[in-house]
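Read through the structure below, which is laid out as structure tokens, and then see the notes.
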Amino acid sequence: MRKFKEFIIEKLIVICGLASIFFVALIFLFLLKEGLAVFNTVGPFKFLFGKSWYPISEPAQLGILPLILGSLLVTLGAAVISIPIGVGCAVYIAEIAPAKTKEILKAGIELLAAIPSVVLGFIGMITLVPLVKSIFHLPTGLTALSGSIMLAFMAMPTIVSIAEDALYSIPKTYKEGALALGATHWQTIWRVMLPAASSGILAAVMLGIGRVIGETMAVMMITGNAAVMPNNILVPVRTLTATIAAEMGEAVVGSEHYFALFAIGIVLFIISFAINVTADLFLHKRQQ
Amino acid sequence: MAKILTKNLNLWYSGFHALKGVNSSFEANRITAIIGPSGCGKSTLLRVFNRMNDLIDGVRMEGEVLIDDTNMLSPQADLVVLRKKVGMVFQRPNPFPLSIYENIVFGQKIHAQRVSRDQLDEIVETSLKSVLLWDELKDKLNESALRLSLEQKQRLCIARLIAVKPDVLLMDEPCSTLDPQATSRVEELMRELKNKYTIIIVTHNMQQAARVSDDTGFMLLGELIEFGRTQEIFTVPRDKRTEDYITGRYG
């Protein structure tokens, strides 16, 4: 009887373990099945590099280049803002801040991570969008820049906590060695600690960017959602994620439009996957 | 003349009194060993000389530490200048995760304003030669220093130090992670280096102290019990406690 019980529990655990892989595989297969159908009507090259996205005109034009560029532009902007601030914050927490400030900052960062993205988007819409509009004298503040700034806030907690972890786990002997050679605190950080933690910091950055590129709600609310080719960061853009979220409800099941949205899902999946794998490679390099 | 002089030096770690009224004098171009059982304060004393104890929270020092007649415990003391002059070799070799070349020129890069590539190359060569590593490593200067053997790493750390042109070398149990052959080669190196530097070595290995040092200080529970010529300390100690330690009654 006891053996039988062991057997059942063991098998249940095995099923739990396999379930996660099984569901991921299922989702991926479904995505492929629905998404690849779009290539019956439009070639892969034309789909990826077509410059116009008019899914409900007749005939439909299904080029997602403006959407890809929209996503990249917003992500790049968010990276430019969040990486220096995030890494700087990590260095401050790991190396400079007194113990008490450190605790407060860490709690603050966690709080920032806990804000739902729709709330961030909502706050951005009320405060940031009018600000961007008046600073740059634009007809509208719903721009890629607004999205970048808001998403930078979302990437920062990830970057700060993982980069701080990387800095913290450097052997203390590196720091001692540099200081004992007469290096100042800043020289020690810049020349020894940051290089020693570089793979961990890169992983932090990749994971932060991964979070940004998959974000939907906040960008949809504040980037203006115009599916046009962006020529600078002060124009409205539409991202891959926002396109799916905004249009899936109205696309006719089984139509070209519907398949195209799934194909966008595949593109997003591939981008996120590549980013996560890169981050993972850096993390493994660090452990060696 | 004494290179380093301590006058009534006291040190506390928060509430713990780790050094109690230490008076000592270390002479240039000699190797001085500090011995004593674990926890006696010998590493703490060594770390006073380049103020590495400052990294520990709640440390407090009183008294004077004169290096070339300048008090290094005064608030005006410049730690960068001090640490450039008084270098340290640690118990575990700690090369930076950079190339061998970058490890050695690290000191130059942080202290000198502009140094030409030729000058750096020359510094790398002379530093590695002085620790007898040049022939082994000259063809792989761009490889990571983390791939070297423990002995090579420790020699590299000494080379990295020499490149900064210090006066004093502090060594905190520099051979404790090395095997006996490597230990004797590093000791040989120390004897060669003493012509140019003042060397202070902390060791728990009494044989090592007897082999390499000219002077020896014996510490117990934060006090410097006896200080003198190594030969005398090991043959005719004046204090009963020194004799007990050296003959292996405790420690």
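In the structure tokens, chains take letters A, B, ... by order of appearance, with residues numbered from 1 within each chain and ligands from 1 in the order shown.
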Using only C-alpha atoms, select each residue of chain B with any atom at most 8 Å away from an atom of chain A, and give the selection as a PDB file with N, CA and C atoms, in the first residue's frame.
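Result file follows (part.pdb):
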```pdb
ATOM      1  N   ASN B  50      48.148  49.786   5.968  1.00  0.00           N
ATOM      2  CA  ASN B  50      47.614  50.410   4.749  1.00  0.00           C
ATOM      3  C   ASN B  50      46.141  50.773   4.926  1.00  0.00           C
ATOM      4  N   MET B  52      43.542  49.147   5.663  1.00  0.00           N
ATOM      5  CA  MET B  52      42.498  48.309   5.074  1.00  0.00           C
ATOM      6  C   MET B  52      41.389  48.027   6.079  1.00  0.00           C
ATOM      7  N   LEU B  79      44.826  58.401   1.858  1.00  0.00           N
ATOM      8  CA  LEU B  79      44.839  56.940   1.757  1.00  0.00           C
ATOM      9  C   LEU B  79      45.371  56.462   0.419  1.00  0.00           C
ATOM     10  N   VAL B  80      45.122  57.228  -0.647  1.00  0.00           N
ATOM     11  CA  VAL B  80      45.611  56.806  -1.959  1.00  0.00           C
ATOM     12  C   VAL B  80      47.139  56.801  -1.976  1.00  0.00           C
ATOM     13  N   VAL B  81      47.732  57.890  -1.439  1.00  0.00           N
ATOM     14  CA  VAL B  81      49.193  57.964  -1.373  1.00  0.00           C
ATOM     15  C   VAL B  81      49.738  56.855  -0.471  1.00  0.00           C
ATOM     16  N   LEU B  82      49.062  56.664   0.667  1.00  0.00           N
ATOM     17  CA  LEU B  82      49.509  55.630   1.608  1.00  0.00           C
ATOM     18  C   LEU B  82      49.508  54.252   0.959  1.00  0.00           C
ATOM     19  N   ARG B  83      48.418  53.918   0.298  1.00  0.00           N
ATOM     20  CA  ARG B  83      48.298  52.570  -0.247  1.00  0.00           C
ATOM     21  C   ARG B  83      49.185  52.356  -1.457  1.00  0.00           C
ATOM     22  N   LYS B  84      49.553  53.448  -2.105  1.00  0.00           N
ATOM     23  CA  LYS B  84      50.507  53.343  -3.203  1.00  0.00           C
ATOM     24  C   LYS B  84      51.880  53.013  -2.642  1.00  0.00           C
ATOM     25  N   GLY B  87      52.027  48.487  -0.158  1.00  0.00           N
ATOM     26  CA  GLY B  87      51.209  47.540  -0.906  1.00  0.00           C
ATOM     27  C   GLY B  87      50.931  46.285  -0.116  1.00  0.00           C
ATOM     28  N   MET B  88      49.921  45.526  -0.545  1.00  0.00           N
ATOM     29  CA  MET B  88      49.553  44.346   0.224  1.00  0.00           C
ATOM     30  C   MET B  88      49.341  43.117  -0.655  1.00  0.00           C
ATOM     31  N   PHE B  90      47.592  39.414  -0.478  1.00  0.00           N
ATOM     32  CA  PHE B  90      46.570  38.806   0.369  1.00  0.00           C
ATOM     33  C   PHE B  90      46.754  37.295   0.522  1.00  0.00           C
ATOM     34  N   ASN B  94      44.474  37.269  -5.373  1.00  0.00           N
ATOM     35  CA  ASN B  94      43.260  37.898  -5.905  1.00  0.00           C
ATOM     36  C   ASN B  94      43.515  38.706  -7.170  1.00  0.00           C
ATOM     37  N   PRO B  95      44.023  38.048  -8.228  1.00  0.00           N
ATOM     38  CA  PRO B  95      44.142  38.795  -9.487  1.00  0.00           C
ATOM     39  C   PRO B  95      42.763  39.247  -9.945  1.00  0.00           C
ATOM     40  N   PHE B  96      42.704  40.395 -10.636  1.00  0.00           N
ATOM     41  CA  PHE B  96      41.427  40.871 -11.156  1.00  0.00           C
ATOM     42  C   PHE B  96      41.020  40.006 -12.333  1.00  0.00           C
ATOM     43  N   PRO B  97      39.727  39.910 -12.617  1.00  0.00           N
ATOM     44  CA  PRO B  97      39.265  39.105 -13.759  1.00  0.00           C
ATOM     45  C   PRO B  97      39.565  39.810 -15.074  1.00  0.00           C
ATOM     46  N   GLY B 107      47.800  49.432 -11.794  1.00  0.00           N
ATOM     47  CA  GLY B 107      48.313  50.498 -10.924  1.00  0.00           C
ATOM     48  C   GLY B 107      48.743  51.718 -11.712  1.00  0.00           C
ATOM     49  N   ILE B 110      45.728  53.740 -12.891  1.00  0.00           N
ATOM     50  CA  ILE B 110      44.991  54.540 -11.916  1.00  0.00           C
ATOM     51  C   ILE B 110      45.840  55.668 -11.335  1.00  0.00           C
ATOM     52  N   HIS B 111      47.169  55.517 -11.369  1.00  0.00           N
ATOM     53  CA  HIS B 111      47.990  56.546 -10.723  1.00  0.00           C
ATOM     54  C   HIS B 111      48.605  57.545 -11.693  1.00  0.00           C
ATOM     55  N   LEU B 161      51.815  44.579  -7.658  1.00  0.00           N
ATOM     56  CA  LEU B 161      52.144  45.494  -6.583  1.00  0.00           C
ATOM     57  C   LEU B 161      53.445  46.229  -6.888  1.00  0.00           C
ATOM     58  N   VAL B 164      53.585  49.336  -9.040  1.00  0.00           N
ATOM     59  CA  VAL B 164      53.205  50.634  -8.477  1.00  0.00           C
ATOM     60  C   VAL B 164      54.376  51.285  -7.747  1.00  0.00           C
TER      61      VAL B 164
END
```
A:Ser52 surroundings by only C-alpha atoms, 10 Å radius, close-in-sequence under 4 positions cut, as a list in words: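 Final neighbour list, sorted by chain and number: Lys46, Phe47, Ala60, Gln61, Leu62, Gly63, Ile64, Leu65, Pro66, Leu67, Ala227, Val228 and Met229 of chain A.
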So that I can check the secondary structure, give me every residue of stretch 35-232 of chain B assigned strand (DSSP E) by backbone DSSP, as a ChimeraX atom specification. /B:35,59-67,70-71,86-89,168-172,198-202,215-220,223-229
Based on DSSP run over this structure's backbone, return all residues of stretch 18-157 of chain A in helix (DSSP H, G or I), as a VMD selection string. chain A and resid 18 to 40 44 to 49 65 to 96 99 to 114 117 to 136 144 to 157
Residues from the last selection, C-alpha atoms, saved as a CSV table (one decimal), in the first residue's frame:
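Once written, result-v7.csv looks like this:
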```csv
chain,number,residue,atom,x,y,z
A,18,LEU,CA,6.0,17.9,-17.8
A,19,ALA,CA,2.8,20.0,-17.9
A,20,SER,CA,4.7,23.3,-18.2
A,21,ILE,CA,6.6,22.1,-21.2
A,22,PHE,CA,3.5,20.5,-22.7
A,23,PHE,CA,1.5,23.8,-22.5
A,24,VAL,CA,4.3,25.8,-23.9
A,25,ALA,CA,4.6,23.4,-26.8
A,26,LEU,CA,0.9,23.5,-27.3
A,27,ILE,CA,0.8,27.3,-27.3
A,28,PHE,CA,3.6,27.4,-29.8
A,29,LEU,CA,2.0,24.9,-32.1
A,30,PHE,CA,-1.3,26.7,-32.0
A,31,LEU,CA,0.5,30.0,-32.8
A,32,LEU,CA,2.3,28.4,-35.7
A,33,LYS,CA,-0.8,26.8,-37.0
A,34,GLU,CA,-2.8,30.0,-37.0
A,35,GLY,CA,0.0,32.3,-37.9
A,36,LEU,CA,1.7,30.5,-40.8
A,37,ALA,CA,-1.6,30.5,-42.7
A,38,VAL,CA,-1.1,34.2,-43.5
A,39,PHE,CA,1.7,33.2,-45.8
A,40,ASN,CA,-0.9,31.7,-48.2
A,44,PRO,CA,7.1,36.2,-45.7
A,45,PHE,CA,9.3,39.0,-47.1
A,46,LYS,CA,6.4,41.2,-48.0
A,47,PHE,CA,4.9,40.5,-44.6
A,48,LEU,CA,8.0,41.4,-42.6
A,49,PHE,CA,9.3,44.3,-44.8
A,65,LEU,CA,7.6,46.9,-40.8
A,66,PRO,CA,6.1,50.0,-39.3
A,67,LEU,CA,5.0,47.9,-36.3
A,68,ILE,CA,8.4,46.3,-35.9
A,69,LEU,CA,10.1,49.7,-36.1
A,70,GLY,CA,7.5,51.0,-33.7
A,71,SER,CA,8.4,48.3,-31.2
A,72,LEU,CA,12.1,48.7,-31.7
A,73,LEU,CA,12.0,52.5,-31.4
A,74,VAL,CA,10.1,52.4,-28.2
A,75,THR,CA,12.3,49.6,-26.8
A,76,LEU,CA,15.5,51.4,-27.8
A,77,GLY,CA,14.3,54.6,-26.2
A,78,ALA,CA,13.4,52.8,-23.1
A,79,ALA,CA,16.8,51.1,-23.0
A,80,VAL,CA,18.7,54.3,-23.5
A,81,ILE,CA,16.9,55.8,-20.5
A,82,SER,CA,16.7,52.8,-18.2
A,83,ILE,CA,20.2,51.2,-18.6
A,84,PRO,CA,22.3,54.1,-17.3
A,85,ILE,CA,19.8,54.9,-14.6
A,86,GLY,CA,19.3,51.3,-13.7
A,87,VAL,CA,22.9,50.3,-13.6
A,88,GLY,CA,23.8,53.6,-11.7
A,89,CYS,CA,21.1,52.8,-9.2
A,90,ALA,CA,22.5,49.2,-8.8
A,91,VAL,CA,26.0,50.5,-8.2
A,92,TYR,CA,24.7,53.0,-5.7
A,93,ILE,CA,22.7,50.3,-3.8
A,94,ALA,CA,25.5,47.7,-3.9
A,95,GLU,CA,28.5,50.0,-3.2
A,96,ILE,CA,27.7,53.4,-1.9
A,99,ALA,CA,22.7,50.3,5.0
A,100,LYS,CA,19.5,52.1,5.9
A,101,THR,CA,19.1,53.9,2.5
A,102,LYS,CA,19.9,50.6,0.8
A,103,GLU,CA,16.9,49.0,2.5
A,104,ILE,CA,14.6,51.9,1.6
A,105,LEU,CA,15.7,51.9,-2.0
A,106,LYS,CA,15.4,48.2,-2.4
A,107,ALA,CA,11.8,48.3,-1.1
A,108,GLY,CA,11.1,51.3,-3.4
A,109,ILE,CA,12.4,49.3,-6.4
A,110,GLU,CA,10.2,46.4,-5.5
A,111,LEU,CA,7.2,48.7,-5.2
A,112,LEU,CA,7.9,50.1,-8.6
A,113,ALA,CA,7.9,46.5,-10.0
A,114,ALA,CA,4.5,45.9,-8.4
A,117,SER,CA,1.2,48.4,-16.2
A,118,VAL,CA,-2.3,49.8,-16.8
A,119,VAL,CA,-1.8,52.1,-13.9
A,120,LEU,CA,1.6,53.3,-15.2
A,121,GLY,CA,-0.1,53.9,-18.6
A,122,PHE,CA,-2.9,55.8,-17.0
A,123,ILE,CA,-0.5,58.0,-15.0
A,124,GLY,CA,1.6,58.5,-18.1
A,125,MET,CA,-1.4,59.6,-20.1
A,126,ILE,CA,-2.4,62.2,-17.5
A,127,THR,CA,1.0,63.6,-16.7
A,128,LEU,CA,3.7,62.7,-19.2
A,129,VAL,CA,1.8,63.0,-22.4
A,130,PRO,CA,0.8,66.7,-21.9
A,131,LEU,CA,4.4,67.4,-20.7
A,132,VAL,CA,6.0,65.9,-23.9
A,133,LYS,CA,3.4,67.8,-26.0
A,134,SER,CA,4.2,71.2,-24.5
A,135,ILE,CA,8.0,70.7,-24.2
A,136,PHE,CA,8.5,69.8,-27.9
A,144,ALA,CA,7.2,57.0,-29.1
A,145,LEU,CA,9.2,59.1,-26.6
A,146,SER,CA,6.3,59.0,-24.0
A,147,GLY,CA,6.1,55.3,-24.4
A,148,SER,CA,9.9,54.9,-24.0
A,149,ILE,CA,9.9,57.0,-20.8
A,150,MET,CA,7.0,55.0,-19.3
A,151,LEU,CA,8.5,51.7,-20.3
A,152,ALA,CA,11.9,52.7,-18.8
A,153,PHE,CA,10.1,52.7,-15.5
A,154,MET,CA,9.0,49.2,-16.1
A,155,ALA,CA,12.4,47.9,-17.1
A,156,MET,CA,14.3,49.6,-14.2
A,157,PRO,CA,13.2,47.3,-11.4
```
Once you count only C-alpha atoms, what closest atom pair and distance in Å to one decimal does each residue of stretch 48-160 of chain B within 10 Å of stretch 180-183 of chain B have, with rows by chain and rising residue number, as CSV?
```
residue,atom,partner,partner_atom,distance
B:Leu150,CA,B:Ala182,CA,8.9
B:Glu151,CA,B:Ala182,CA,6.1
B:Gln152,CA,B:Ala182,CA,9.1
B:Gln154,CA,B:Ala182,CA,9.9
```
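Atom CA of A:Met248 is positioned 16.3 Å from atom CA of A:Gly214.
Proximity ranking of B:Phe234, B:Tyr250, B:Tyr101, B:Phe218 relative to B:Ser24 places B:Phe218 first, based on only C-alpha atoms.
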Do you know which residues are at most 12 Å from A:Gly200 counting only C-alpha atoms, after dropping those on the same chain fewer than 4 positions away, and could you put them as number ranges by chain? A: 87, 90, 159-170, 193-196, 204-207, 278-288
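Nearest-residue note for B:Val212: choosing from B:Lys196, B:Arg47, B:Arg185, B:Arg114, the minimum distance belongs to B:Arg185, counting only C-alpha atoms.
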